[in-house]
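The next block is my_file-v7.pdb, given as PDB, C-alpha atoms.
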ATOM      1  CA  MET A   1      74.101 106.814  83.921
ATOM      2  CA  LYS A   2      76.394 109.707  84.740
ATOM      3  CA  PHE A   3      80.151 109.462  85.274
ATOM      4  CA  ALA A   4      82.488 112.023  86.848
ATOM      5  CA  VAL A   5      86.159 112.146  85.876
ATOM      6  CA  LEU A   6      88.102 113.937  88.611
ATOM      7  CA  VAL A   7      90.812 116.348  87.512
ATOM      8  CA  PHE A   8      93.694 117.281  89.820
ATOM      9  CA  PRO A   9      96.595 119.556  88.892
ATOM     10  CA  GLY A  10      98.857 117.032  87.141
ATOM     11  CA  SER A  11      96.213 114.495  86.106
ATOM     12  CA  ASN A  12      97.001 113.342  82.570
ATOM     13  CA  CYS A  13      94.669 110.412  81.844
ATOM     14  CA  ASP A  14      91.479 112.380  82.434
ATOM     15  CA  ILE A  15      90.783 112.803  78.724
ATOM     16  CA  ASP A  16      91.298 109.071  78.098
ATOM     17  CA  CYS A  17      88.797 108.254  80.868
ATOM     18  CA  TYR A  18      86.308 110.754  79.466
ATOM     19  CA  LYS A  19      86.639 109.241  75.967
ATOM     20  CA  ALA A  20      86.222 105.719  77.353
ATOM     21  CA  VAL A  21      82.868 106.690  78.882
ATOM     22  CA  GLU A  22      81.861 108.382  75.640
ATOM     23  CA  ALA A  23      82.724 105.141  73.851
ATOM     24  CA  ILE A  24      80.022 103.310  75.846
ATOM     25  CA  GLY A  25      77.551 106.123  75.113
ATOM     26  CA  GLU A  26      77.042 107.403  78.661
ATOM     27  CA  GLN A  27      77.143 110.902  80.125
ATOM     28  CA  VAL A  28      80.386 112.167  81.580
ATOM     29  CA  ASP A  29      81.766 115.400  83.082
ATOM     30  CA  TYR A  30      85.187 116.553  84.136
ATOM     31  CA  VAL A  31      85.061 117.539  87.821
ATOM     32  CA  TRP A  32      87.793 119.808  89.192
ATOM     33  CA  HIS A  33      89.516 118.910  92.485
ATOM     34  CA  THR A  34      87.922 121.899  94.237
ATOM     35  CA  ALA A  35      84.362 120.580  93.699
ATOM     36  CA  THR A  36      82.234 120.143  96.803
ATOM     37  CA  ASP A  37      79.305 118.196  95.388
ATOM     38  CA  LEU A  38      79.315 114.855  93.559
ATOM     39  CA  SER A  39      75.691 114.005  94.315
ATOM     40  CA  GLY A  40      74.732 114.152  90.622
ATOM     41  CA  TYR A  41      77.053 111.301  89.626
ATOM     42  CA  ASP A  42      76.611 107.529  89.718
ATOM     43  CA  ALA A  43      80.260 106.621  89.204
ATOM     44  CA  ILE A  44      83.511 108.447  89.864
ATOM     45  CA  LEU A  45      86.707 107.834  87.916
ATOM     46  CA  VAL A  46      89.963 108.910  89.575
ATOM     47  CA  PRO A  47      92.373 109.101  86.637
ATOM     48  CA  GLY A  48      96.074 108.505  86.265
ATOM     49  CA  GLY A  49      98.809 111.089  86.046
ATOM     50  CA  PHE A  50     101.028 112.891  88.494
ATOM     51  CA  SER A  51      98.678 114.808  90.782
ATOM     52  CA  TYR A  52     100.531 117.625  92.558
ATOM     53  CA  GLY A  53     103.714 116.490  90.805
ATOM     54  CA  ASP A  54     103.866 113.324  92.963
ATOM     55  CA  TYR A  55     105.405 115.599  95.612
ATOM     56  CA  LEU A  56     106.119 113.909  98.968
ATOM     57  CA  ARG A  57     104.496 110.627  97.812
ATOM     58  CA  CYS A  58     102.242 109.707  94.884
ATOM     59  CA  GLY A  59      98.701 110.698  95.861
ATOM     60  CA  ALA A  60      99.730 112.081  99.268
ATOM     61  CA  ILE A  61      98.626 115.645  98.634
ATOM     62  CA  ALA A  62      95.645 114.846  96.399
ATOM     63  CA  GLN A  63      94.001 112.917  99.257
ATOM     64  CA  PHE A  64      93.293 116.272 100.954
ATOM     65  CA  ALA A  65      91.726 117.989  97.934
ATOM     66  CA  ASN A  66      88.156 119.220  98.605
ATOM     67  CA  VAL A  67      86.637 116.735  96.201
ATOM     68  CA  MET A  68      88.039 113.792  98.169
ATOM     69  CA  ASN A  69      85.569 114.426 101.025
ATOM     70  CA  GLU A  70      82.834 113.940  98.444
ATOM     71  CA  VAL A  71      84.516 110.816  97.085
ATOM     72  CA  LYS A  72      84.479 109.375 100.618
ATOM     73  CA  LYS A  73      80.785 110.210 100.955
ATOM     74  CA  ALA A  74      80.070 108.614  97.577
ATOM     75  CA  ALA A  75      82.001 105.498  98.641
ATOM     76  CA  ASP A  76      79.911 105.256 101.819
ATOM     77  CA  GLU A  77      76.759 105.582  99.722
ATOM     78  CA  GLY A  78      77.850 102.603  97.620
ATOM     79  CA  LYS A  79      78.524 104.524  94.416
ATOM     80  CA  TYR A  80      81.059 103.045  92.001
ATOM     81  CA  ILE A  81      84.548 104.469  92.318
ATOM     82  CA  LEU A  82      87.420 103.412  90.076
ATOM     83  CA  GLY A  83      90.968 104.661  90.680
ATOM     84  CA  ILE A  84      93.424 104.009  87.877
ATOM     85  CA  CYS A  85      97.207 104.269  88.353
ATOM     86  CA  ASN A  86      97.683 107.597  90.197
ATOM     87  CA  GLY A  87      93.978 107.273  91.051
ATOM     88  CA  PHE A  88      94.741 103.948  92.781
ATOM     89  CA  GLN A  89      97.585 105.632  94.688
ATOM     90  CA  ILE A  90      95.224 108.431  95.761
ATOM     91  CA  LEU A  91      92.572 105.946  96.975
ATOM     92  CA  THR A  92      95.118 104.062  99.103
ATOM     93  CA  GLU A  93      96.487 107.318 100.540
ATOM     94  CA  ALA A  94      92.896 108.345 101.350
ATOM     95  CA  ASN A  95      92.351 104.989 103.127
ATOM     96  CA  LEU A  96      89.528 104.043 100.783
ATOM     97  CA  LEU A  97      91.602 100.999  99.834
ATOM     98  CA  PRO A  98      94.128  99.077 101.973
ATOM     99  CA  GLY A  99      97.887  98.915 101.370
ATOM    100  CA  ALA A 100     100.248 101.267  99.548
ATOM    101  CA  LEU A 101     102.002 101.618  96.184
ATOM    102  CA  ILE A 102     105.767 101.913  96.421
ATOM    103  CA  ARG A 103     108.678 102.186  93.977
ATOM    104  CA  ASN A 104     108.924  99.408  91.383
ATOM    105  CA  THR A 105     111.553  96.879  92.504
ATOM    106  CA  GLY A 106     113.413  97.333  89.192
ATOM    107  CA  LEU A 107     113.380 101.147  89.741
ATOM    108  CA  LYS A 108     112.274 101.611  86.137
ATOM    109  CA  PHE A 109     109.176 103.382  84.884
ATOM    110  CA  ARG A 110     107.397 100.485  83.136
ATOM    111  CA  CYS A 111     105.237 101.421  80.157
ATOM    112  CA  HIS A 112     103.927  98.517  78.057
ATOM    113  CA  GLY A 113     101.044  96.120  77.589
ATOM    114  CA  THR A 114     100.666  93.461  80.235
ATOM    115  CA  PRO A 115      98.519  90.333  80.554
ATOM    116  CA  LEU A 116      96.139  90.537  83.503
ATOM    117  CA  GLU A 117      94.209  87.703  85.083
ATOM    118  CA  VAL A 118      90.638  88.559  86.064
ATOM    119  CA  VAL A 119      90.739  87.082  89.563
ATOM    120  CA  ASN A 120      87.241  88.175  90.525
ATOM    121  CA  SER A 121      84.668  88.613  87.753
ATOM    122  CA  ASN A 122      81.894  88.969  90.299
ATOM    123  CA  THR A 123      82.302  92.719  90.819
ATOM    124  CA  ALA A 124      80.552  95.797  89.468
ATOM    125  CA  PHE A 125      83.749  96.514  87.522
ATOM    126  CA  THR A 126      84.434  93.099  85.974
ATOM    127  CA  ASN A 127      81.071  91.401  85.359
ATOM    128  CA  GLN A 128      81.631  91.443  81.570
ATOM    129  CA  TYR A 129      84.758  89.299  81.875
ATOM    130  CA  SER A 130      84.874  85.608  82.630
ATOM    131  CA  GLN A 131      86.539  84.348  85.781
ATOM    132  CA  GLY A 132      90.232  83.674  85.151
ATOM    133  CA  GLU A 133      90.179  85.367  81.732
ATOM    134  CA  ILE A 134      93.510  86.835  80.632
ATOM    135  CA  ILE A 135      93.151  90.362  79.244
ATOM    136  CA  ASP A 136      95.657  92.732  77.644
ATOM    137  CA  ILE A 137      95.855  96.110  79.401
ATOM    138  CA  PRO A 138      98.796  98.544  79.388
ATOM    139  CA  ILE A 139     100.659  99.755  82.448
ATOM    140  CA  ALA A 140     102.598 103.023  82.819
ATOM    141  CA  HIS A 141     104.069 103.620  86.253
ATOM    142  CA  GLY A 142     107.195 103.957  88.356
ATOM    143  CA  GLU A 143     105.471 103.433  91.699
ATOM    144  CA  GLY A 144     103.079 100.540  91.158
ATOM    145  CA  ASN A 145     104.569  98.016  93.531
ATOM    146  CA  TYR A 146     101.574  97.060  95.687
ATOM    147  CA  PHE A 147     102.499  96.457  99.297
ATOM    148  CA  CYS A 148     100.425  95.324 102.255
ATOM    149  CA  ASP A 149     101.240  93.339 105.388
ATOM    150  CA  GLU A 150     100.473  89.625 105.613
ATOM    151  CA  GLU A 151      97.379  90.160 107.712
ATOM    152  CA  THR A 152      95.907  92.544 105.117
ATOM    153  CA  LEU A 153      96.803  90.152 102.294
ATOM    154  CA  ALA A 154      95.003  87.304 104.085
ATOM    155  CA  GLU A 155      91.959  89.573 104.453
ATOM    156  CA  LEU A 156      92.058  90.570 100.774
ATOM    157  CA  LYS A 157      92.068  86.899  99.810
ATOM    158  CA  ALA A 158      89.384  85.881 102.313
ATOM    159  CA  ASN A 159      87.017  88.629 101.078
ATOM    160  CA  ASN A 160      87.750  88.117  97.351
ATOM    161  CA  GLN A 161      89.128  91.656  97.164
ATOM    162  CA  ILE A 162      91.885  90.821  94.686
ATOM    163  CA  VAL A 163      90.343  91.817  91.340
ATOM    164  CA  PHE A 164      93.345  91.554  88.968
ATOM    165  CA  ARG A 165      96.738  89.868  89.084
ATOM    166  CA  TYR A 166      99.647  90.154  86.655
ATOM    167  CA  ALA A 167      99.321  86.847  84.811
ATOM    168  CA  GLY A 168     101.969  84.135  84.850
ATOM    169  CA  GLU A 169     105.500  85.358  85.450
ATOM    170  CA  THR A 170     104.856  88.913  84.261
ATOM    171  CA  ASN A 171     104.864  90.844  87.568
ATOM    172  CA  PRO A 172     106.407  94.125  86.337
ATOM    173  CA  ASN A 173     106.950  95.918  89.628
ATOM    174  CA  GLY A 174     107.362  93.524  92.559
ATOM    175  CA  SER A 175     103.763  93.733  93.789
ATOM    176  CA  VAL A 176     102.842  91.411  96.660
ATOM    177  CA  ASP A 177     101.090  88.282  95.355
ATOM    178  CA  ASN A 178     101.237  89.700  91.784
ATOM    179  CA  ILE A 179      98.405  92.089  92.697
ATOM    180  CA  ALA A 180      97.427  94.555  89.951
ATOM    181  CA  GLY A 181      94.030  95.673  91.292
ATOM    182  CA  ILE A 182      91.926  95.349  94.431
ATOM    183  CA  SER A 183      88.526  96.330  95.743
ATOM    184  CA  ASN A 184      87.331  97.514  99.127
ATOM    185  CA  LYS A 185      85.358  95.100 101.296
ATOM    186  CA  ALA A 186      81.996  96.352 100.035
ATOM    187  CA  GLY A 187      83.170  95.941  96.433
ATOM    188  CA  ASN A 188      82.150  99.407  95.207
ATOM    189  CA  VAL A 189      85.649 100.913  95.235
ATOM    190  CA  VAL A 190      88.335  99.468  92.950
ATOM    191  CA  GLY A 191      91.919 100.570  92.389
ATOM    192  CA  MET A 192      94.248  99.235  89.724
ATOM    193  CA  MET A 193      97.637 100.193  88.288
ATOM    194  CA  PRO A 194      96.949  99.114  84.654
ATOM    195  CA  HIS A 195      95.023 101.500  82.397
ATOM    196  CA  PRO A 196      91.766 100.048  80.991
ATOM    197  CA  GLU A 197      90.915 103.473  79.519
ATOM    198  CA  ARG A 198      93.958 103.123  77.247
ATOM    199  CA  ALA A 199      92.634  99.835  75.867
ATOM    200  CA  VAL A 200      89.204 100.681  74.473
ATOM    201  CA  SER A 201      89.832 100.244  70.739
ATOM    202  CA  GLN A 202      91.858  97.989  68.477
ATOM    203  CA  ILE A 203      93.646 101.025  67.090
ATOM    204  CA  LEU A 204      95.099 101.459  70.591
ATOM    205  CA  GLY A 205      96.367  97.874  70.534
ATOM    206  CA  SER A 206      93.636  96.331  72.671
ATOM    207  CA  GLU A 207      89.970  96.807  73.434
ATOM    208  CA  ASP A 208      89.972  94.586  76.505
ATOM    209  CA  GLY A 209      89.588  97.585  78.808
ATOM    210  CA  LEU A 210      86.241  98.640  77.375
ATOM    211  CA  ARG A 211      84.414  95.894  79.250
ATOM    212  CA  MET A 212      85.358  97.478  82.586
ATOM    213  CA  PHE A 213      83.245 100.462  81.635
ATOM    214  CA  THR A 214      80.373  98.346  80.299
ATOM    215  CA  SER A 215      80.593  96.280  83.510
ATOM    216  CA  ILE A 216      80.008  99.400  85.605
ATOM    217  CA  LEU A 217      77.100 100.378  83.369
ATOM    218  CA  ASN A 218      75.540  96.928  83.623
ATOM    219  CA  ALA A 219      75.957  96.863  87.407
ATOM    220  CA  TRP A 220      74.284 100.268  87.638
ATOM    221  CA  ARG A 221      71.417  99.197  85.366
ATOM    222  CA  GLU A 222      70.842  96.037  87.367
ATOM    223  CA  GLN A 223      70.820  98.072  90.557
ATOM    224  CA  HIS A 224      68.310 100.515  89.088
ATOM    225  CA  GLY A 225      66.109  98.043  87.238
ATOM    226  CA  ALA A 226      66.911  99.597  83.866
ATOM    227  CA  ALA A 227      67.259  97.681  80.608
ATOM    228  CA  ILE A 228      70.379  95.553  80.582
ATOM    229  CA  ASN A 229      72.704  95.382  77.610
ATOM    230  CA  SER A 230      73.118  91.840  76.464
TER     231      SER A 230
ATOM    232  CA  MET B   1     110.539 126.669 116.776
ATOM    233  CA  LYS B   2     111.996 124.361 114.140
ATOM    234  CA  ALA B   3     111.288 120.691 113.654
ATOM    235  CA  THR B   4     113.345 118.208 111.701
ATOM    236  CA  VAL B   5     111.314 115.231 110.575
ATOM    237  CA  TYR B   6     112.835 111.948 109.395
ATOM    238  CA  VAL B   7     110.688 109.583 107.347
ATOM    239  CA  THR B   8     112.153 106.126 106.749
ATOM    240  CA  ILE B   9     110.918 103.009 105.000
ATOM    241  CA  LYS B  10     109.777 100.322 107.451
ATOM    242  CA  GLU B  11     112.232  97.493 108.036
ATOM    243  CA  ASN B  12     109.881  94.883 106.552
ATOM    244  CA  VAL B  13     109.377  96.876 103.339
ATOM    245  CA  LEU B  14     111.786  96.540 100.437
ATOM    246  CA  ASP B  15     113.725  99.715  99.528
ATOM    247  CA  PRO B  16     114.712  99.273  95.862
ATOM    248  CA  GLN B  17     116.527 102.643  95.775
ATOM    249  CA  GLY B  18     118.615 101.738  98.823
ATOM    250  CA  THR B  19     119.485  98.380  97.253
ATOM    251  CA  ALA B  20     120.599 100.125  94.025
ATOM    252  CA  VAL B  21     122.777 102.585  95.960
ATOM    253  CA  GLN B  22     124.281  99.722  97.964
ATOM    254  CA  GLY B  23     125.189  97.992  94.681
ATOM    255  CA  ALA B  24     126.746 101.186  93.314
ATOM    256  CA  LEU B  25     128.857 101.674  96.456
ATOM    257  CA  HIS B  26     130.037  98.059  96.237
ATOM    258  CA  SER B  27     130.995  98.458  92.587
ATOM    259  CA  MET B  28     132.959 101.615  93.544
ATOM    260  CA  GLY B  29     135.037  99.536  95.911
ATOM    261  CA  PHE B  30     133.335 100.373  99.215
ATOM    262  CA  ALA B  31     133.179  96.736 100.195
ATOM    263  CA  GLU B  32     132.466  97.598 103.848
ATOM    264  CA  VAL B  33     128.988  98.888 102.969
ATOM    265  CA  GLY B  34     126.132  96.807 104.359
ATOM    266  CA  LYS B  35     122.475  97.615 103.909
ATOM    267  CA  VAL B  36     121.568 101.119 102.606
ATOM    268  CA  ARG B  37     118.146 102.619 103.280
ATOM    269  CA  ILE B  38     116.914 105.857 101.751
ATOM    270  CA  GLY B  39     114.480 108.092 103.585
ATOM    271  CA  LYS B  40     113.278 111.683 103.663
ATOM    272  CA  TYR B  41     114.426 114.641 105.734
ATOM    273  CA  LEU B  42     112.067 117.575 106.248
ATOM    274  CA  GLU B  43     112.636 120.920 107.963
ATOM    275  CA  VAL B  44     109.413 122.403 109.292
ATOM    276  CA  GLU B  45     109.240 125.869 110.830
ATOM    277  CA  LEU B  46     106.559 126.206 113.484
ATOM    278  CA  ASP B  47     105.037 129.422 114.714
ATOM    279  CA  THR B  48     104.769 128.401 118.360
ATOM    280  CA  ASN B  49     106.862 128.317 121.530
ATOM    281  CA  ASP B  50     104.800 125.623 123.191
ATOM    282  CA  ARG B  51     106.868 122.466 122.947
ATOM    283  CA  ALA B  52     104.137 120.067 124.053
ATOM    284  CA  GLU B  53     101.671 121.529 121.594
ATOM    285  CA  ALA B  54     104.265 121.442 118.804
ATOM    286  CA  GLU B  55     104.959 117.760 119.487
ATOM    287  CA  ALA B  56     101.293 116.853 119.534
ATOM    288  CA  ARG B  57     100.575 118.699 116.291
ATOM    289  CA  LEU B  58     103.686 117.362 114.550
ATOM    290  CA  LYS B  59     102.564 113.839 115.378
ATOM    291  CA  VAL B  60      99.259 114.521 113.614
ATOM    292  CA  MET B  61     101.083 116.057 110.619
ATOM    293  CA  CYS B  62     103.276 112.960 110.347
ATOM    294  CA  GLU B  63     100.396 110.491 110.709
ATOM    295  CA  LYS B  64      98.126 112.303 108.272
ATOM    296  CA  LEU B  65     100.508 113.552 105.589
ATOM    297  CA  LEU B  66     104.270 113.490 106.058
ATOM    298  CA  ALA B  67     104.536 109.696 106.394
ATOM    299  CA  ASN B  68     102.427 106.864 105.016
ATOM    300  CA  THR B  69     102.439 104.623 108.069
ATOM    301  CA  VAL B  70     101.563 101.566 105.973
ATOM    302  CA  VAL B  71     105.117 101.572 104.627
ATOM    303  CA  GLU B  72     107.009 104.293 106.511
ATOM    304  CA  ASP B  73     108.162 105.149 110.042
ATOM    305  CA  TYR B  74     108.810 108.685 111.254
ATOM    306  CA  ARG B  75     110.549 110.525 114.050
ATOM    307  CA  PHE B  76     111.201 114.201 114.704
ATOM    308  CA  GLU B  77     113.369 116.550 116.711
ATOM    309  CA  LEU B  78     112.399 120.009 117.956
ATOM    310  CA  GLU B  79     114.772 122.898 118.536
ATOM    311  CA  GLY B  80     114.364 126.520 119.537
TER     312      GLY B  80
END

If you took the structure in this file and wrote it as structure tokens, what would it be?
Amino acid sequence: MKFAVLVFPGSNCDIDCYKAVEAIGEQVDYVWHTATDLSGYDAILVPGGFSYGDYLRCGAIAQFANVMNEVKKAADEGKYILGICNGFQILTEANLLPGALIRNTGLKFRCHGTPLEVVNSNTAFTNQYSQGEIIDIPIAHGEGNYFCDEETLAELKANNQIVFRYAGETNPNGSVDNIAGISNKAGNVVGMMPHPERAVSQILGSEDGLRMFTSILNAWREQHGAAINS
Amino acid sequence: MKATVYVTIKENVLDPQGTAVQGALHSMGFAEVGKVRIGKYLEVELDTNDRAEAEARLKVMCEKLLANTVVEDYRFELEG
């Protein structure tokens, strides 16, 4: 299986994403924002950081980078697309995911581990977790306050599009319904504010994030009839 | 022709920065201050004299880039 890690000017979690894919033993390339062909990749990681300096709004300018046309094509083709932190902001700005990420209610940049509830383990990104499992994944953002209108929230719930919630009373940013990560309706595009790629080894404080990457691999293998890791 | 574009946070969306500024003004003794909302002000120079065309194209610029209409409203004025 082959992963692409997109790199925009100002991305700063691209190396972490690359290393996370290496950790599960799969192929991975950095792909610059000017690229016009993603056809060789099975999964696309949109990493965190501050693309284009967060100018105007987080993700606002990145949504018009050349590579985003290819990301949209890949999404339509059902390929797996994971946006993390700034990547989540870019996917909402590009209308690949509903809602928007606004300033944290406490105005602070929050950077610490946070317990997440796996709300939907029946996705290509979470099949290695159990439903309702609480996992430890760090956050690092100033604009991670997920907002959507009530109609959209009802739709997200009805279609099981809420993938992660901040567990218990830990909502760090004011997100609607404690939402930390969502999927599109088809389930092949996921965006999340917490950083699973920063939680792939005990020496980083947690290895709970690694199973997101093995989940994607397992989903891909099932789809392609290849041997499945037990 | 010059356009001034105002981007504001929708009424139903919380504005944490505005709330913080409101609190600061209160603590400074400006007790008369009610709600404070923070938005963006953009000056855009346009190489056209066609007002109708400028309006139509500005609308597209606002919808596609300058505002995120999920959480923001926009309006603009044209001069020149």

Determine the residue set returned by the ChimeraX specification (/B :<7) & /A for the present structure, and present it as a ChimeraX atom specification. /A:60,99-100,103,105,107

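The space separating CA of Ala75 in chain A from CA of Asn145 in chain A comes to 24.3 Å.
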
Report as a list in words all protein, DNA and RNA residues lying within 9 Å of Thr36 in chain A, evaluated on only C-alpha atoms, omitting residues in the same chain fewer than 6 positions from it. Asn66, Val67, Met68, Asn69 and Glu70 of chain A

Under the PyMOL selection byres ((chain A and resi 212) around 8), which residues of this model are included? Write them out as a ChimeraX atom specification. /A:125-128,196,209-211,213-216

Go ahead and fit an axis-aligned box to every listed atom of range 45-64 of chain A plus 8 Å each side, and pass me the centre and edge lengths in Å, one decimal, as AutoDock Vina command-line options.
--center_x 96.4 --center_y 112.7 --center_z 93.5 --size_x 35.4 --size_y 25.8 --size_z 30.9

Can you tell me which residues surround Ala186 in chain A at a distance of at most 12 Å, considering all atoms listed in the file, apart from same-chain residues fewer than 2 positions away, and format the answer as a VMD selection string? chain A and resid 75 to 81 96 to 97 123 to 124 156 159 to 161 182 to 184 188 to 190

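Between CA of Phe3 in chain A and CA of Ile44 in chain A lies a distance of 5.8 Å.
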